[in-house]
file coords-v9.cif (mmCIF, C-alpha atoms)
data_input
loop_
_atom_site.group_PDB
_atom_site.id
_atom_site.type_symbol
_atom_site.label_atom_id
_atom_site.label_comp_id
_atom_site.auth_asym_id
_atom_site.auth_seq_id
_atom_site.Cartn_x
_atom_site.Cartn_y
_atom_site.Cartn_z
ATOM 1 C CA GLY A 1 3.862 -16.523 -6.494
ATOM 2 C CA GLU A 2 4.090 -12.915 -7.555
ATOM 3 C CA ASP A 3 7.122 -10.975 -6.379
ATOM 4 C CA VAL A 4 8.158 -7.332 -6.573
ATOM 5 C CA GLU A 5 11.744 -6.401 -5.765
ATOM 6 C CA GLN A 6 13.416 -3.066 -5.170
ATOM 7 C CA SER A 7 16.777 -1.876 -3.970
ATOM 8 C CA LEU A 8 16.551 -0.863 -0.323
ATOM 9 C CA PHE A 9 18.365 2.449 -0.206
ATOM 10 C CA LEU A 10 19.291 5.393 -2.399
ATOM 11 C CA SER A 11 21.230 8.494 -1.417
ATOM 12 C CA VAL A 12 21.083 11.484 -3.740
ATOM 13 C CA ARG A 13 22.236 15.089 -3.599
ATOM 14 C CA GLU A 14 19.712 17.860 -3.751
ATOM 15 C CA GLY A 15 19.236 19.014 -7.328
ATOM 16 C CA ASP A 16 20.410 15.734 -8.870
ATOM 17 C CA SER A 17 18.114 13.174 -10.492
ATOM 18 C CA SER A 18 17.063 10.061 -8.574
ATOM 19 C CA VAL A 19 16.347 6.761 -10.253
ATOM 20 C CA ILE A 20 14.559 4.041 -8.331
ATOM 21 C CA ASN A 21 14.350 0.608 -9.894
ATOM 22 C CA CYS A 22 11.883 -2.226 -9.493
ATOM 23 C CA THR A 23 11.469 -5.678 -10.983
ATOM 24 C CA TYR A 24 8.365 -7.812 -10.911
ATOM 25 C CA THR A 25 7.541 -11.359 -11.899
ATOM 26 C CA ASP A 26 3.823 -11.386 -12.704
ATOM 27 C CA SER A 27 3.506 -11.213 -16.479
ATOM 28 C CA SER A 28 -0.240 -10.536 -16.175
ATOM 29 C CA SER A 29 0.327 -7.254 -14.332
ATOM 30 C CA THR A 30 -2.094 -4.674 -15.668
ATOM 31 C CA TYR A 31 -1.073 -1.547 -13.784
ATOM 32 C CA LEU A 32 2.214 -0.641 -12.134
ATOM 33 C CA TYR A 33 2.365 2.009 -9.466
ATOM 34 C CA TRP A 34 4.750 4.160 -7.501
ATOM 35 C CA TYR A 35 3.741 5.166 -3.990
ATOM 36 C CA LYS A 36 5.500 7.496 -1.552
ATOM 37 C CA GLN A 37 5.438 7.051 2.210
ATOM 38 C CA GLU A 38 6.727 9.732 4.546
ATOM 39 C CA PRO A 39 7.321 9.034 8.262
ATOM 40 C CA GLY A 40 4.044 8.765 10.160
ATOM 41 C CA ALA A 41 1.982 9.231 7.033
ATOM 42 C CA GLY A 42 -0.086 7.009 4.814
ATOM 43 C CA LEU A 43 0.825 5.904 1.324
ATOM 44 C CA GLN A 44 0.467 8.513 -1.373
ATOM 45 C CA LEU A 45 0.038 7.498 -4.991
ATOM 46 C CA LEU A 46 2.639 9.332 -7.062
ATOM 47 C CA THR A 47 1.961 7.914 -10.489
ATOM 48 C CA TYR A 48 1.018 4.755 -12.318
ATOM 49 C CA ILE A 49 1.485 3.276 -15.749
ATOM 50 C CA PHE A 50 -0.670 0.900 -17.723
ATOM 51 C CA SER A 51 1.129 -2.202 -18.890
ATOM 52 C CA ASN A 52 0.769 -1.374 -22.584
ATOM 53 C CA MET A 53 2.727 1.867 -22.151
ATOM 54 C CA ASP A 54 6.486 2.177 -21.947
ATOM 55 C CA MET A 55 6.827 5.681 -20.587
ATOM 56 C CA LYS A 56 4.829 8.208 -18.654
ATOM 57 C CA GLN A 57 5.916 11.680 -17.606
ATOM 58 C CA ASP A 58 4.254 13.788 -14.946
ATOM 59 C CA GLN A 59 6.072 17.009 -14.033
ATOM 60 C CA ARG A 60 9.319 15.947 -12.295
ATOM 61 C CA LEU A 61 8.426 12.241 -12.436
ATOM 62 C CA THR A 62 9.208 9.912 -15.324
ATOM 63 C CA VAL A 63 8.169 6.275 -15.263
ATOM 64 C CA LEU A 64 9.794 3.807 -17.627
ATOM 65 C CA LEU A 65 8.420 0.319 -18.148
ATOM 66 C CA ASN A 66 10.275 -2.502 -19.893
ATOM 67 C CA LYS A 67 7.611 -5.156 -20.055
ATOM 68 C CA LYS A 68 9.896 -7.717 -21.690
ATOM 69 C CA ASP A 69 12.338 -7.548 -18.777
ATOM 70 C CA LYS A 70 9.581 -6.812 -16.214
ATOM 71 C CA HIS A 71 11.507 -3.743 -15.087
ATOM 72 C CA LEU A 72 9.988 -0.499 -13.866
ATOM 73 C CA SER A 73 11.836 2.662 -12.913
ATOM 74 C CA LEU A 74 10.939 6.020 -11.431
ATOM 75 C CA ARG A 75 13.077 9.024 -12.199
ATOM 76 C CA ILE A 76 12.703 12.136 -10.070
ATOM 77 C CA ALA A 77 14.247 15.198 -11.676
ATOM 78 C CA ASP A 78 15.760 17.991 -9.576
ATOM 79 C CA THR A 79 15.397 16.015 -6.348
ATOM 80 C CA GLN A 80 14.449 18.113 -3.335
ATOM 81 C CA THR A 81 14.793 17.471 0.411
ATOM 82 C CA GLY A 82 11.019 17.010 0.518
ATOM 83 C CA ASP A 83 11.448 13.974 -1.721
ATOM 84 C CA SER A 84 13.129 12.092 1.154
ATOM 85 C CA ALA A 85 10.779 9.188 1.839
ATOM 86 C CA ILE A 86 10.246 5.500 1.184
ATOM 87 C CA TYR A 87 9.114 4.732 -2.361
ATOM 88 C CA PHE A 88 7.127 1.600 -3.090
ATOM 89 C CA CYS A 89 6.674 -0.075 -6.410
ATOM 90 C CA ALA A 90 3.432 -2.065 -6.740
ATOM 91 C CA GLU A 91 1.588 -4.021 -9.370
ATOM 92 C CA SER A 92 -1.977 -5.202 -9.849
ATOM 93 C CA GLY A 93 -3.462 -7.835 -12.049
ATOM 94 C CA GLU A 94 -6.739 -8.135 -13.888
ATOM 95 C CA SER A 95 -9.335 -5.376 -13.780
ATOM 96 C CA ASP A 96 -11.452 -7.062 -11.123
ATOM 97 C CA SER A 97 -8.504 -7.091 -8.728
ATOM 98 C CA TRP A 98 -6.969 -3.727 -9.490
ATOM 99 C CA GLY A 99 -7.083 -2.648 -5.839
ATOM 100 C CA LYS A 100 -5.317 -5.785 -4.677
ATOM 101 C CA LEU A 101 -1.739 -4.648 -5.018
ATOM 102 C CA GLN A 102 1.508 -6.544 -4.642
ATOM 103 C CA PHE A 103 4.082 -4.161 -3.155
ATOM 104 C CA GLY A 104 7.831 -4.259 -3.070
ATOM 105 C CA ALA A 105 9.683 -3.748 0.219
ATOM 106 C CA GLY A 106 10.342 -0.102 -0.564
ATOM 107 C CA THR A 107 13.374 2.024 -1.399
ATOM 108 C CA GLN A 108 14.411 4.564 1.202
ATOM 109 C CA VAL A 109 15.532 7.725 -0.562
ATOM 110 C CA VAL A 110 17.665 10.155 1.408
ATOM 111 C CA VAL A 111 18.283 13.556 -0.137
ATOM 112 C CA THR A 112 21.346 15.364 1.136
ATOM 113 C CA PRO A 113 21.937 19.109 0.804
ATOM 114 C CA ASP B 1 -11.036 16.164 6.737
ATOM 115 C CA THR B 2 -12.411 14.136 3.857
ATOM 116 C CA GLY B 3 -9.645 11.540 3.718
ATOM 117 C CA VAL B 4 -9.637 7.948 4.957
ATOM 118 C CA SER B 5 -9.725 7.959 8.748
ATOM 119 C CA GLN B 6 -8.406 5.144 10.939
ATOM 120 C CA ASN B 7 -8.764 4.685 14.677
ATOM 121 C CA PRO B 8 -7.031 4.185 16.963
ATOM 122 C CA ARG B 9 -3.763 5.367 15.495
ATOM 123 C CA HIS B 10 -1.766 3.314 17.933
ATOM 124 C CA LYS B 11 -2.765 0.366 20.108
ATOM 125 C CA ILE B 12 -0.555 -1.426 22.620
ATOM 126 C CA THR B 13 -1.944 -4.665 23.976
ATOM 127 C CA LYS B 14 -0.861 -7.778 25.775
ATOM 128 C CA ARG B 15 -0.637 -11.105 24.032
ATOM 129 C CA GLY B 16 -3.975 -12.913 24.078
ATOM 130 C CA GLN B 17 -6.142 -9.797 24.122
ATOM 131 C CA ASN B 18 -8.590 -8.842 21.391
ATOM 132 C CA VAL B 19 -8.246 -5.599 19.464
ATOM 133 C CA THR B 20 -10.489 -3.821 16.972
ATOM 134 C CA PHE B 21 -9.561 -1.200 14.417
ATOM 135 C CA ARG B 22 -11.974 1.036 12.619
ATOM 136 C CA CYS B 23 -11.733 2.571 9.171
ATOM 137 C CA ASP B 24 -13.941 5.352 7.850
ATOM 138 C CA PRO B 25 -13.497 5.551 4.096
ATOM 139 C CA ILE B 26 -14.016 8.532 1.864
ATOM 140 C CA SER B 27 -17.765 8.786 1.488
ATOM 141 C CA GLU B 28 -19.248 7.182 -1.613
ATOM 142 C CA HIS B 29 -16.176 5.035 -2.182
ATOM 143 C CA ASN B 30 -17.675 1.614 -2.710
ATOM 144 C CA ARG B 31 -14.473 -0.408 -2.304
ATOM 145 C CA LEU B 32 -12.577 -0.695 0.959
ATOM 146 C CA TYR B 33 -9.301 -2.540 1.472
ATOM 147 C CA TRP B 34 -7.269 -3.673 4.458
ATOM 148 C CA TYR B 35 -3.522 -4.119 4.235
ATOM 149 C CA ARG B 36 -0.875 -5.009 6.808
ATOM 150 C CA GLN B 37 2.613 -3.530 6.818
ATOM 151 C CA THR B 38 5.413 -4.865 8.991
ATOM 152 C CA LEU B 39 8.629 -2.990 9.657
ATOM 153 C CA GLY B 40 10.860 -2.751 6.619
ATOM 154 C CA GLN B 41 8.301 -4.321 4.299
ATOM 155 C CA GLY B 42 5.716 -3.143 1.855
ATOM 156 C CA PRO B 43 2.014 -3.446 2.583
ATOM 157 C CA GLU B 44 0.422 -6.874 2.145
ATOM 158 C CA PHE B 45 -3.175 -7.284 1.031
ATOM 159 C CA LEU B 46 -5.519 -8.753 3.647
ATOM 160 C CA THR B 47 -9.078 -8.356 2.384
ATOM 161 C CA TYR B 48 -11.454 -6.087 0.528
ATOM 162 C CA PHE B 49 -15.114 -5.134 0.409
ATOM 163 C CA GLN B 50 -17.348 -3.971 -2.389
ATOM 164 C CA ASN B 51 -20.032 -2.102 -0.463
ATOM 165 C CA GLU B 52 -20.938 -4.463 2.398
ATOM 166 C CA ALA B 53 -19.790 -7.659 0.661
ATOM 167 C CA GLN B 54 -16.397 -9.096 1.563
ATOM 168 C CA LEU B 55 -15.168 -10.290 -1.810
ATOM 169 C CA GLU B 56 -11.708 -11.648 -1.124
ATOM 170 C CA LYS B 57 -9.559 -12.676 1.818
ATOM 171 C CA SER B 58 -5.835 -13.310 1.760
ATOM 172 C CA ARG B 59 -4.314 -16.448 3.211
ATOM 173 C CA LEU B 60 -2.630 -14.045 5.651
ATOM 174 C CA LEU B 61 -6.014 -13.510 7.275
ATOM 175 C CA SER B 62 -6.097 -16.345 9.808
ATOM 176 C CA ASP B 63 -9.208 -17.440 11.690
ATOM 177 C CA ARG B 64 -8.312 -14.982 14.444
ATOM 178 C CA PHE B 65 -8.936 -12.079 12.065
ATOM 179 C CA SER B 66 -12.369 -10.889 11.077
ATOM 180 C CA ALA B 67 -13.375 -7.864 9.062
ATOM 181 C CA GLU B 68 -16.811 -6.391 8.586
ATOM 182 C CA ARG B 69 -18.418 -3.563 6.719
ATOM 183 C CA PRO B 70 -22.008 -3.861 7.874
ATOM 184 C CA LYS B 71 -23.629 -0.935 6.101
ATOM 185 C CA GLY B 72 -21.181 -0.487 3.303
ATOM 186 C CA SER B 73 -19.621 2.558 4.940
ATOM 187 C CA PHE B 74 -17.124 2.151 7.805
ATOM 188 C CA SER B 75 -15.271 -1.115 8.367
ATOM 189 C CA THR B 76 -13.812 -2.851 11.403
ATOM 190 C CA LEU B 77 -10.927 -5.276 11.609
ATOM 191 C CA GLU B 78 -10.866 -7.413 14.727
ATOM 192 C CA ILE B 79 -7.949 -9.549 15.844
ATOM 193 C CA GLN B 80 -8.721 -12.111 18.522
ATOM 194 C CA ARG B 81 -6.151 -13.655 20.871
ATOM 195 C CA THR B 82 -3.392 -11.393 19.600
ATOM 196 C CA GLU B 83 0.107 -12.773 19.120
ATOM 197 C CA GLN B 84 3.400 -10.906 18.980
ATOM 198 C CA GLY B 85 3.568 -11.660 15.265
ATOM 199 C CA ASP B 86 0.453 -9.548 14.780
ATOM 200 C CA SER B 87 2.463 -6.417 15.599
ATOM 201 C CA ALA B 88 2.264 -4.301 12.459
ATOM 202 C CA MET B 89 0.693 -1.255 10.880
ATOM 203 C CA TYR B 90 -2.821 -1.987 9.632
ATOM 204 C CA LEU B 91 -3.684 0.176 6.653
ATOM 205 C CA CYS B 92 -7.093 0.865 5.242
ATOM 206 C CA ALA B 93 -7.722 2.219 1.765
ATOM 207 C CA SER B 94 -10.882 3.172 -0.061
ATOM 208 C CA SER B 95 -11.385 3.390 -3.736
ATOM 209 C CA PRO B 96 -13.606 4.322 -6.594
ATOM 210 C CA GLY B 97 -10.549 3.437 -8.755
ATOM 211 C CA GLU B 98 -7.292 4.772 -7.329
ATOM 212 C CA LEU B 99 -6.563 3.643 -3.763
ATOM 213 C CA PHE B 100 -6.649 6.337 -1.089
ATOM 214 C CA PHE B 101 -4.829 5.146 2.022
ATOM 215 C CA GLY B 102 -5.395 6.163 5.613
ATOM 216 C CA GLU B 103 -2.506 6.847 7.965
ATOM 217 C CA GLY B 104 -2.804 3.411 9.512
ATOM 218 C CA SER B 105 -3.321 1.888 12.940
ATOM 219 C CA ARG B 106 -0.132 0.643 14.557
ATOM 220 C CA LEU B 107 -0.529 -2.452 16.720
ATOM 221 C CA THR B 108 2.097 -3.422 19.274
ATOM 222 C CA VAL B 109 1.578 -6.756 21.005
ATOM 223 C CA LEU B 110 3.672 -7.200 24.142
#
call {"tool": "encode", "arguments": {"input": "coords-v9.cif", "output": "structure tokens"}}
result
Amino acid sequence: GEDVEQSLFLSVREGDSSVINCTYTDSSSTYLYWYKQEPGAGLQLLTYIFSNMDMKQDQRLTVLLNKKDKHLSLRIADTQTGDSAIYFCAESGESDSWGKLQFGAGTQVVVTP
Amino acid sequence: DTGVSQNPRHKITKRGQNVTFRCDPISEHNRLYWYRQTLGQGPEFLTYFQNEAQLEKSRLLSDRFSAERPKGSFSTLEIQRTEQGDSAMYLCASSPGELFFGEGSRLTVL
């Protein structure tokens, strides 16, 4: 079946860049997403990329997609303490199932002063 | 507050009891999703509705689980004869396109 994998933990110093990596197995993935989850809060969509794109930039966030290797990354520039959270990579398939997401287990990002 | 609302936020119950969670989506969102998230894992899809029609159910949704969305607005997720393995966060999301998640209902089965 489909699988999405992420590293579990990332520690980064405030002001540095963070890079969170994700691999997926479903070659029919249509959209790939990054969600943020803070303690006690729901999931917040940070950004997404369509599978025919290889890069998307949105302010401090840069998403890179290597479709051949099924590798997705999220770069956060100038990481702040407020960026400490769990980040989930997710993918969805065909257009009629775009809300049915397959999530990774999440990467806990800890930002240290 | 115009976000997705879930109630109760936390439910503690004894094994074998029935529990019901409610989700109020953002108004006019025609799609509503239920996900389950266990500790240290990402959310797993359970089921979704397009208006009042339940269009897909995951294999994770055993016979003890039932979800409804009777008037195409709010939805309920009922778990009968709860088991300790049902302990999880139950997340609801509504969507016109992008998913908007609620804060979840945490179930603890003792």
call {"tool": "resolve_selection", "arguments": {"input": "coords-v9.cif", "expression": "the PyMOL selection byres ((chain B) within 9 of (chain A))", "output": "short mmCIF file (atom, residue, chain, number, x, y, z; two decimals) with C-alpha atoms, in the coordinates of the input"}}
result
data_model
loop_
_atom_site.label_atom_id
_atom_site.label_comp_id
_atom_site.auth_asym_id
_atom_site.auth_seq_id
_atom_site.Cartn_x
_atom_site.Cartn_y
_atom_site.Cartn_z
CA ARG B 31 -14.47 -0.41 -2.30
CA LEU B 32 -12.58 -0.70 0.96
CA TYR B 33 -9.30 -2.54 1.47
CA GLY B 40 10.86 -2.75 6.62
CA GLN B 41 8.30 -4.32 4.30
CA GLY B 42 5.72 -3.14 1.86
CA PRO B 43 2.01 -3.45 2.58
CA GLU B 44 0.42 -6.87 2.14
CA PHE B 45 -3.18 -7.28 1.03
CA LEU B 46 -5.52 -8.75 3.65
CA THR B 47 -9.08 -8.36 2.38
CA TYR B 48 -11.45 -6.09 0.53
CA LEU B 91 -3.68 0.18 6.65
CA SER B 95 -11.38 3.39 -3.74
CA GLY B 97 -10.55 3.44 -8.76
CA GLU B 98 -7.29 4.77 -7.33
CA LEU B 99 -6.56 3.64 -3.76
CA PHE B 100 -6.65 6.34 -1.09
CA PHE B 101 -4.83 5.15 2.02
CA GLY B 102 -5.40 6.16 5.61
CA GLU B 103 -2.51 6.85 7.96
CA GLY B 104 -2.80 3.41 9.51
#
call {"tool": "residues_near_point", "arguments": {"input": "coords-v9.cif", "point": "(7.3, -10.4, -7.3)", "cutoff": "10 Å", "atoms": "all atoms listed in the file", "output": "VMD selection string"}}
result
chain A and resid 1 to 6 22 to 27 70 90 to 91 102 to 104
call {"tool": "resolve_selection", "arguments": {"input": "coords-v9.cif", "expression": "the PyMOL selection byres ((chain B and resi 21) around 8)", "output": "ChimeraX atom specification"}}
result
/B:6-8,19-20,22-23,76-78,105
call {"tool": "atom_distance", "arguments": {"input": "coords-v9.cif", "atom1": "CA of Ile26 (chain B)", "atom2": "CA of Thr30 (chain A)"}}
result
25.0 Å
call {"tool": "resolve_selection", "arguments": {"input": "coords-v9.cif", "expression": "the PyMOL selection byres ((chain B and resi 49-53) around 10)", "output": "ChimeraX atom specification"}}
result
/B:28-34,47-48,54-57,67-75,94-95
call {"tool": "atom_distance", "arguments": {"input": "coords-v9.cif", "atom1": "CA of Asn66 (chain A)", "atom2": "CA of Ser17 (chain A)"}}
result
19.9 Å
call {"tool": "residues_around", "arguments": {"input": "coords-v9.cif", "residues": "Leu61 (chain A)", "least_positions_apart": "5", "cutoff": "7 Å", "atoms": "only C-alpha atoms", "output": "PyMOL selection string"}}
result
chain A and resi 74-77
call {"tool": "atom_distance", "arguments": {"input": "coords-v9.cif", "atom1": "CA of Ser87 (chain B)", "atom2": "CA of Asp83 (chain A)"}}
result
28.2 Å
call {"tool": "residues_near_point", "arguments": {"input": "coords-v9.cif", "point": "(-13.2, 10.4, 6.1)", "cutoff": "7 Å", "atoms": "all atoms listed in the file", "output": "ChimeraX atom specification"}}
result
/B:1-5,24-27
call {"tool": "closest_residue", "arguments": {"input": "coords-v9.cif", "among": "B:Ile79, B:Thr108, B:Leu60, B:Gln37", "to": "Lys14 (chain B)", "atoms": "only C-alpha atoms"}}
result
B:Thr108
call {"tool": "axis_aligned_box", "arguments": {"input": "coords-v9.cif", "around": "region 84-101 of chain B", "padding_each_side": "5 Å", "output": "JSON"}}
result
{"center_x": -5.0, "center_y": -2.7, "center_z": 5.1, "size_x": 27.2, "size_y": 28.0, "size_z": 37.7}
